[in-house]
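Student: There's a structure below that I have some questions on.
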Amino acid sequence: MKFFVDTADIVEIRDLAATGLLDGVTTNPSLVAKTGRRFVDLVAEICAVVPGPVSAEVAATDHATMLAEGRRLASIAGNVAVKVPLTPDGLKTCRALSDAGTMVNVTLCFSAVQALMAAKAGATFISPFVGRLDDIGHDGMQLIGDILEIYANYPALQTEVLVASIRHPCHVHAAAKLGAHVGTMPPAVIRQLFKHPLTDKGLDAFLADWAKSGQTILEDQPELRSA
Ligand code: G3P
């Protein structure tokens, strides 16, 4: 499963990109607004840090303006994936951008038939929001399973399922078991994925025993030791 980070915070993006585990970035108008940055400059900076797909969302709701905005965003860098909402105008825009060779991420998906429509419109990614479904008492992960099952019935559909609105590592675990192509996560969730209390406890014990041995692996190259 590919890991995307769901943020517009360039400091966080740089930090996570340095792990070598980041396959892409998703932003949305709410996340961009929080930064106070000029949108096109921010997208250009993110695209230079992360070579994978960087989702940048249009703000218009009518097809003509969405298409113009989408083309402007796509002109920023070759790895921009234009994000459009799952509306009739959004899917019309998706088809036009996709036919022109631009990656498109169709967002705000809450049903499997919506996901089928997006795939038929040539979406590169479909973004079902699992956390927001859970919030209203629905089963977000059931939707992921349903979309994957439907897409598997039609091998000609190339759309990747990008699990969005992920809130915790259990969502990542469940999405990976189902075979989702991508998960986009807030930075805090990506950091949580590294953690397990037994890892910390085990490492403490190993280090304590090693200290008792009095040895250092870099004894011949002390200048390479960081601490
Ligand atoms: O960027 C789309 C999605 O991941 C938003 O998540 O937490 O606002 O529901 P959230």
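In the structure tokens, chains take letters A, B, ... by order of appearance, with residues numbered from 1 within each chain and ligands from 1 in the order shown.
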Write down as a ChimeraX atom specification the residues belonging to chain A that are assigned strand (DSSP E or B) by DSSP computed on the backbone.

Tutor: /A:2-6,24-26,54-57,80-85,103-109,125-129,160-164,182-185

Student: What does the list of residues within 6 Å of ligand 1 look like if you count only C-alpha atoms and all ligand atoms, written as a list in words?

Tutor: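 So, counting only C-alpha atoms and all ligand atoms, the residues near ligand 1 are Asp6, Thr27, Asn28, Gly131, Arg132, Ala164 and Ser165 of chain A.
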
Student: Which one of A:Ala81, A:Leu116, A:Ala176, A:Val11 sits closest to Ala152 of chain A if you count only C-alpha atoms?

Tutor: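 So, comparing all the options, the nearest one is A:Leu116.
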
Student: When you draw a straight line from atom CA of Tyr154 of chain A to atom CA of Lys120 of chain A, how long is it in Å?

Tutor: 10.4 Å

Student: Show me, as a tab-separated table (two decimals) with N, CA, C and O atoms, in the first residue's frame, the residues that have an atom within 7 Å of Pro85 of chain A when counting only C-alpha atoms, minus same-chain residues fewer than 6 positions from it.

Tutor:
```
chain	number	residue	atom	x	y	z
A	106	VAL	N	-10.55	12.06	-7.41
A	106	VAL	CA	-11.95	12.44	-7.16
A	106	VAL	C	-12.23	12.27	-5.67
A	106	VAL	O	-12.08	11.18	-5.11
A	107	THR	N	-12.62	13.38	-5.05
A	107	THR	CA	-12.71	13.41	-3.59
A	107	THR	C	-14.15	13.51	-3.11
A	107	THR	O	-15.07	13.67	-3.91
A	108	LEU	N	-14.31	13.37	-1.79
A	108	LEU	CA	-15.63	13.43	-1.15
A	108	LEU	C	-16.52	12.29	-1.64
A	108	LEU	O	-17.70	12.48	-1.98
```

Student: Hey, which of A:Gly140, A:Gly183, A:Pro197, A:Pro169 ends up closest to Ile126 of chain A? Count only C-alpha atoms.

Tutor: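 For Ile126 of chain A, the nearest of the candidates is A:Gly183.
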
Student: Name the closest residue to His171 of chain A among the candidates A:Leu207, A:Leu86, A:Val130, A:Ala188; distances are taken between atoms, counting only C-alpha atoms.

Tutor: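 Closest to His171 of chain A, using only C-alpha atoms: A:Val130.
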
Student: Fewer than 3 positions away in the same chain doesn't count, so skip those; otherwise give me all residues within 12 Å of Ala112 of chain A, counting only C-alpha atoms, as a PyMOL selection string.

Tutor: chain A and resi 86+108-109+115-119+126-129+140-151+161

Student: Go ahead and save the residues from that selection, with C-alpha atoms, as an mmCIF file, in the first residue's frame.

Tutor:
```
data_model
loop_
_atom_site.group_PDB
_atom_site.id
_atom_site.type_symbol
_atom_site.label_atom_id
_atom_site.label_comp_id
_atom_site.auth_asym_id
_atom_site.auth_seq_id
_atom_site.Cartn_x
_atom_site.Cartn_y
_atom_site.Cartn_z
ATOM 1 C CA LEU A 86 -17.661 13.964 -6.712
ATOM 2 C CA LEU A 108 -15.634 13.429 -1.151
ATOM 3 C CA CYS A 109 -16.703 9.886 -2.058
ATOM 4 C CA ALA A 115 -16.696 5.360 -6.817
ATOM 5 C CA LEU A 116 -17.877 3.412 -9.873
ATOM 6 C CA MET A 117 -18.899 6.681 -11.552
ATOM 7 C CA ALA A 118 -15.480 8.231 -10.819
ATOM 8 C CA ALA A 119 -13.689 5.235 -12.318
ATOM 9 C CA ILE A 126 -10.929 7.750 -5.809
ATOM 10 C CA SER A 127 -10.942 9.132 -2.262
ATOM 11 C CA PRO A 128 -13.548 7.532 0.011
ATOM 12 C CA PHE A 129 -13.606 9.256 3.451
ATOM 13 C CA GLY A 140 -16.157 3.456 6.549
ATOM 14 C CA MET A 141 -14.042 0.371 5.969
ATOM 15 C CA GLN A 142 -17.024 -1.558 4.601
ATOM 16 C CA LEU A 143 -17.130 1.052 1.829
ATOM 17 C CA ILE A 144 -13.471 0.373 0.978
ATOM 18 C CA GLY A 145 -14.180 -3.358 0.702
ATOM 19 C CA ASP A 146 -17.220 -2.710 -1.490
ATOM 20 C CA ILE A 147 -15.330 -0.413 -3.870
ATOM 21 C CA LEU A 148 -12.414 -2.848 -4.219
ATOM 22 C CA GLU A 149 -14.860 -5.697 -4.903
ATOM 23 C CA ILE A 150 -16.716 -3.718 -7.560
ATOM 24 C CA TYR A 151 -13.514 -2.504 -9.250
ATOM 25 C CA VAL A 161 -8.578 3.349 -4.134
#
```

Student: Hey, what's within 10 Å of Gly70 of chain A if we count only C-alpha atoms and toss same-chain stuff fewer than 4 positions away? As JSON, numbers by chain, please?

Tutor: {"A": [56, 57, 58, 59, 60, 64, 65, 66, 74, 75, 80, 81, 82, 83, 84, 93, 94, 96, 97, 102, 104]}

Student: To test your reading of the structure, identify every residue in segment 18-224 of chain A that backbone DSSP assigns to helix (DSSP H, G or I), and report it as a PyMOL selection string.

Tutor: chain A and resi 29-35+39-49+63-74+88-99+112-120+130-135+140-153+169-178+187-193+197-213+222-224

Student: Which neighbours of Asp9 of chain A fall inside 12 Å, counting only C-alpha atoms, when residues of the same chain fewer than 4 positions from it are skipped, and could you give them as a PDB file with N, CA, C and O atoms, in the first residue's frame?

Tutor:
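Output contents, as saved in selection-v8.pdb:
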```
ATOM      1  N   VAL A   5       0.761  11.502   2.701  1.00  0.00           N
ATOM      2  CA  VAL A   5       0.480  12.301   3.897  1.00  0.00           C
ATOM      3  C   VAL A   5      -0.590  13.332   3.542  1.00  0.00           C
ATOM      4  O   VAL A   5      -0.566  13.929   2.467  1.00  0.00           O
ATOM      5  N   ILE A  13       5.904  17.800   5.738  1.00  0.00           N
ATOM      6  CA  ILE A  13       6.125  17.041   4.502  1.00  0.00           C
ATOM      7  C   ILE A  13       7.621  16.757   4.314  1.00  0.00           C
ATOM      8  O   ILE A  13       8.016  15.623   4.012  1.00  0.00           O
ATOM      9  N   ARG A  14       8.443  17.777   4.543  1.00  0.00           N
ATOM     10  CA  ARG A  14       9.898  17.580   4.416  1.00  0.00           C
ATOM     11  C   ARG A  14      10.381  16.514   5.396  1.00  0.00           C
ATOM     12  O   ARG A  14      11.180  15.635   5.053  1.00  0.00           O
ATOM     13  N   ASP A  15       9.904  16.601   6.624  1.00  0.00           N
ATOM     14  CA  ASP A  15      10.322  15.686   7.680  1.00  0.00           C
ATOM     15  C   ASP A  15       9.937  14.239   7.332  1.00  0.00           C
ATOM     16  O   ASP A  15      10.751  13.319   7.423  1.00  0.00           O
ATOM     17  N   LEU A  16       8.712  14.061   6.858  1.00  0.00           N
ATOM     18  CA  LEU A  16       8.255  12.699   6.540  1.00  0.00           C
ATOM     19  C   LEU A  16       8.883  12.185   5.243  1.00  0.00           C
ATOM     20  O   LEU A  16       9.160  10.987   5.123  1.00  0.00           O
ATOM     21  N   VAL A  25       1.368  13.073  -1.542  1.00  0.00           N
ATOM     22  CA  VAL A  25       0.779  14.064  -0.623  1.00  0.00           C
ATOM     23  C   VAL A  25      -0.638  14.359  -1.088  1.00  0.00           C
ATOM     24  O   VAL A  25      -0.896  14.422  -2.292  1.00  0.00           O
ATOM     25  N   THR A  26      -1.543  14.533  -0.118  1.00  0.00           N
ATOM     26  CA  THR A  26      -2.867  15.061  -0.459  1.00  0.00           C
ATOM     27  C   THR A  26      -3.095  16.330   0.344  1.00  0.00           C
ATOM     28  O   THR A  26      -2.708  16.419   1.508  1.00  0.00           O
ATOM     29  N   THR A  27      -3.694  17.317  -0.319  1.00  0.00           N
ATOM     30  CA  THR A  27      -4.090  18.536   0.383  1.00  0.00           C
ATOM     31  C   THR A  27      -5.577  18.734   0.097  1.00  0.00           C
ATOM     32  O   THR A  27      -6.154  18.070  -0.771  1.00  0.00           O
ATOM     33  N   ASN A  28      -6.188  19.613   0.849  1.00  0.00           N
ATOM     34  CA  ASN A  28      -7.559  20.023   0.534  1.00  0.00           C
ATOM     35  C   ASN A  28      -7.680  21.499   0.900  1.00  0.00           C
ATOM     36  O   ASN A  28      -6.764  22.058   1.535  1.00  0.00           O
ATOM     37  N   SER A  30      -9.247  23.131   3.110  1.00  0.00           N
ATOM     38  CA  SER A  30      -9.165  23.429   4.551  1.00  0.00           C
ATOM     39  C   SER A  30      -7.713  23.393   5.006  1.00  0.00           C
ATOM     40  O   SER A  30      -7.261  24.270   5.759  1.00  0.00           O
ATOM     41  N   LEU A  31      -6.963  22.388   4.556  1.00  0.00           N
ATOM     42  CA  LEU A  31      -5.555  22.249   4.968  1.00  0.00           C
ATOM     43  C   LEU A  31      -4.709  23.386   4.398  1.00  0.00           C
ATOM     44  O   LEU A  31      -3.824  23.921   5.083  1.00  0.00           O
ATOM     45  N   VAL A  32      -4.975  23.783   3.154  1.00  0.00           N
ATOM     46  CA  VAL A  32      -4.215  24.876   2.539  1.00  0.00           C
ATOM     47  C   VAL A  32      -4.518  26.187   3.249  1.00  0.00           C
ATOM     48  O   VAL A  32      -3.615  26.976   3.555  1.00  0.00           O
ATOM     49  N   ALA A  33      -5.792  26.438   3.552  1.00  0.00           N
ATOM     50  CA  ALA A  33      -6.189  27.694   4.207  1.00  0.00           C
ATOM     51  C   ALA A  33      -5.461  27.856   5.541  1.00  0.00           C
ATOM     52  O   ALA A  33      -5.067  28.963   5.916  1.00  0.00           O
ATOM     53  N   LYS A  34      -5.265  26.733   6.241  1.00  0.00           N
ATOM     54  CA  LYS A  34      -4.579  26.783   7.553  1.00  0.00           C
ATOM     55  C   LYS A  34      -3.149  27.305   7.450  1.00  0.00           C
ATOM     56  O   LYS A  34      -2.608  27.866   8.386  1.00  0.00           O
ATOM     57  N   THR A  35      -2.505  27.086   6.285  1.00  0.00           N
ATOM     58  CA  THR A  35      -1.095  27.488   6.155  1.00  0.00           C
ATOM     59  C   THR A  35      -0.944  28.992   5.917  1.00  0.00           C
ATOM     60  O   THR A  35       0.140  29.540   6.155  1.00  0.00           O
ATOM     61  N   GLY A  36      -1.968  29.638   5.364  1.00  0.00           N
ATOM     62  CA  GLY A  36      -1.871  31.063   5.021  1.00  0.00           C
ATOM     63  C   GLY A  36      -0.984  31.325   3.807  1.00  0.00           C
ATOM     64  O   GLY A  36      -0.697  32.464   3.473  1.00  0.00           O
ATOM     65  N   ARG A  37      -0.528  30.253   3.128  1.00  0.00           N
ATOM     66  CA  ARG A  37       0.385  30.407   1.989  1.00  0.00           C
ATOM     67  C   ARG A  37      -0.382  30.604   0.676  1.00  0.00           C
ATOM     68  O   ARG A  37      -1.532  30.199   0.547  1.00  0.00           O
ATOM     69  N   PHE A  39      -1.485  29.454  -2.702  1.00  0.00           N
ATOM     70  CA  PHE A  39      -1.713  28.054  -3.061  1.00  0.00           C
ATOM     71  C   PHE A  39      -0.727  27.535  -4.108  1.00  0.00           C
ATOM     72  O   PHE A  39      -0.082  26.494  -3.915  1.00  0.00           O
ATOM     73  N   LEU A  42       2.764  27.092  -2.821  1.00  0.00           N
ATOM     74  CA  LEU A  42       2.833  25.962  -1.888  1.00  0.00           C
ATOM     75  C   LEU A  42       2.860  24.628  -2.646  1.00  0.00           C
ATOM     76  O   LEU A  42       3.676  23.743  -2.356  1.00  0.00           O
ATOM     77  N   VAL A  43       1.996  24.509  -3.653  1.00  0.00           N
ATOM     78  CA  VAL A  43       1.950  23.262  -4.432  1.00  0.00           C
ATOM     79  C   VAL A  43       3.288  23.033  -5.139  1.00  0.00           C
ATOM     80  O   VAL A  43       3.824  21.914  -5.147  1.00  0.00           O
ATOM     81  N   GLU A  45       6.209  24.020  -4.175  1.00  0.00           N
ATOM     82  CA  GLU A  45       7.216  23.630  -3.181  1.00  0.00           C
ATOM     83  C   GLU A  45       7.037  22.160  -2.776  1.00  0.00           C
ATOM     84  O   GLU A  45       8.010  21.407  -2.674  1.00  0.00           O
ATOM     85  N   ILE A  46       5.789  21.764  -2.559  1.00  0.00           N
ATOM     86  CA  ILE A  46       5.532  20.362  -2.165  1.00  0.00           C
ATOM     87  C   ILE A  46       5.974  19.422  -3.294  1.00  0.00           C
ATOM     88  O   ILE A  46       6.612  18.393  -3.045  1.00  0.00           O
ATOM     89  N   PRO A 186      -2.941  11.813   8.244  1.00  0.00           N
ATOM     90  CA  PRO A 186      -2.322  12.978   8.871  1.00  0.00           C
ATOM     91  C   PRO A 186      -0.928  12.585   9.367  1.00  0.00           C
ATOM     92  O   PRO A 186      -0.683  11.401   9.676  1.00  0.00           O
ATOM     93  N   PRO A 187       0.002  13.561   9.478  1.00  0.00           N
ATOM     94  CA  PRO A 187       1.366  13.229   9.924  1.00  0.00           C
ATOM     95  C   PRO A 187       1.385  12.446  11.239  1.00  0.00           C
ATOM     96  O   PRO A 187       2.182  11.520  11.392  1.00  0.00           O
TER      97      PRO A 187
END
```

Student: Smallest atom-to-atom distance to Ala100 of chain A: which of A:Leu178, A:Leu198, A:Leu67, A:Leu157, using only C-alpha atoms?

Tutor: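 For Ala100 of chain A, the nearest of the given residues is A:Leu67.
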
Student: Quick one: pull the distance between atom CA of Ser226 of chain A and atom CA of Glu12 of chain A, Å, one decimal.

Tutor: 23.8 Å

Student: Have a look at atom CA of Phe4 of chain A and atom CA of Ala156 of chain A and let me know their distance in Å, one decimal.

Tutor: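 That distance, rounded to one decimal, is 24.7 Å.
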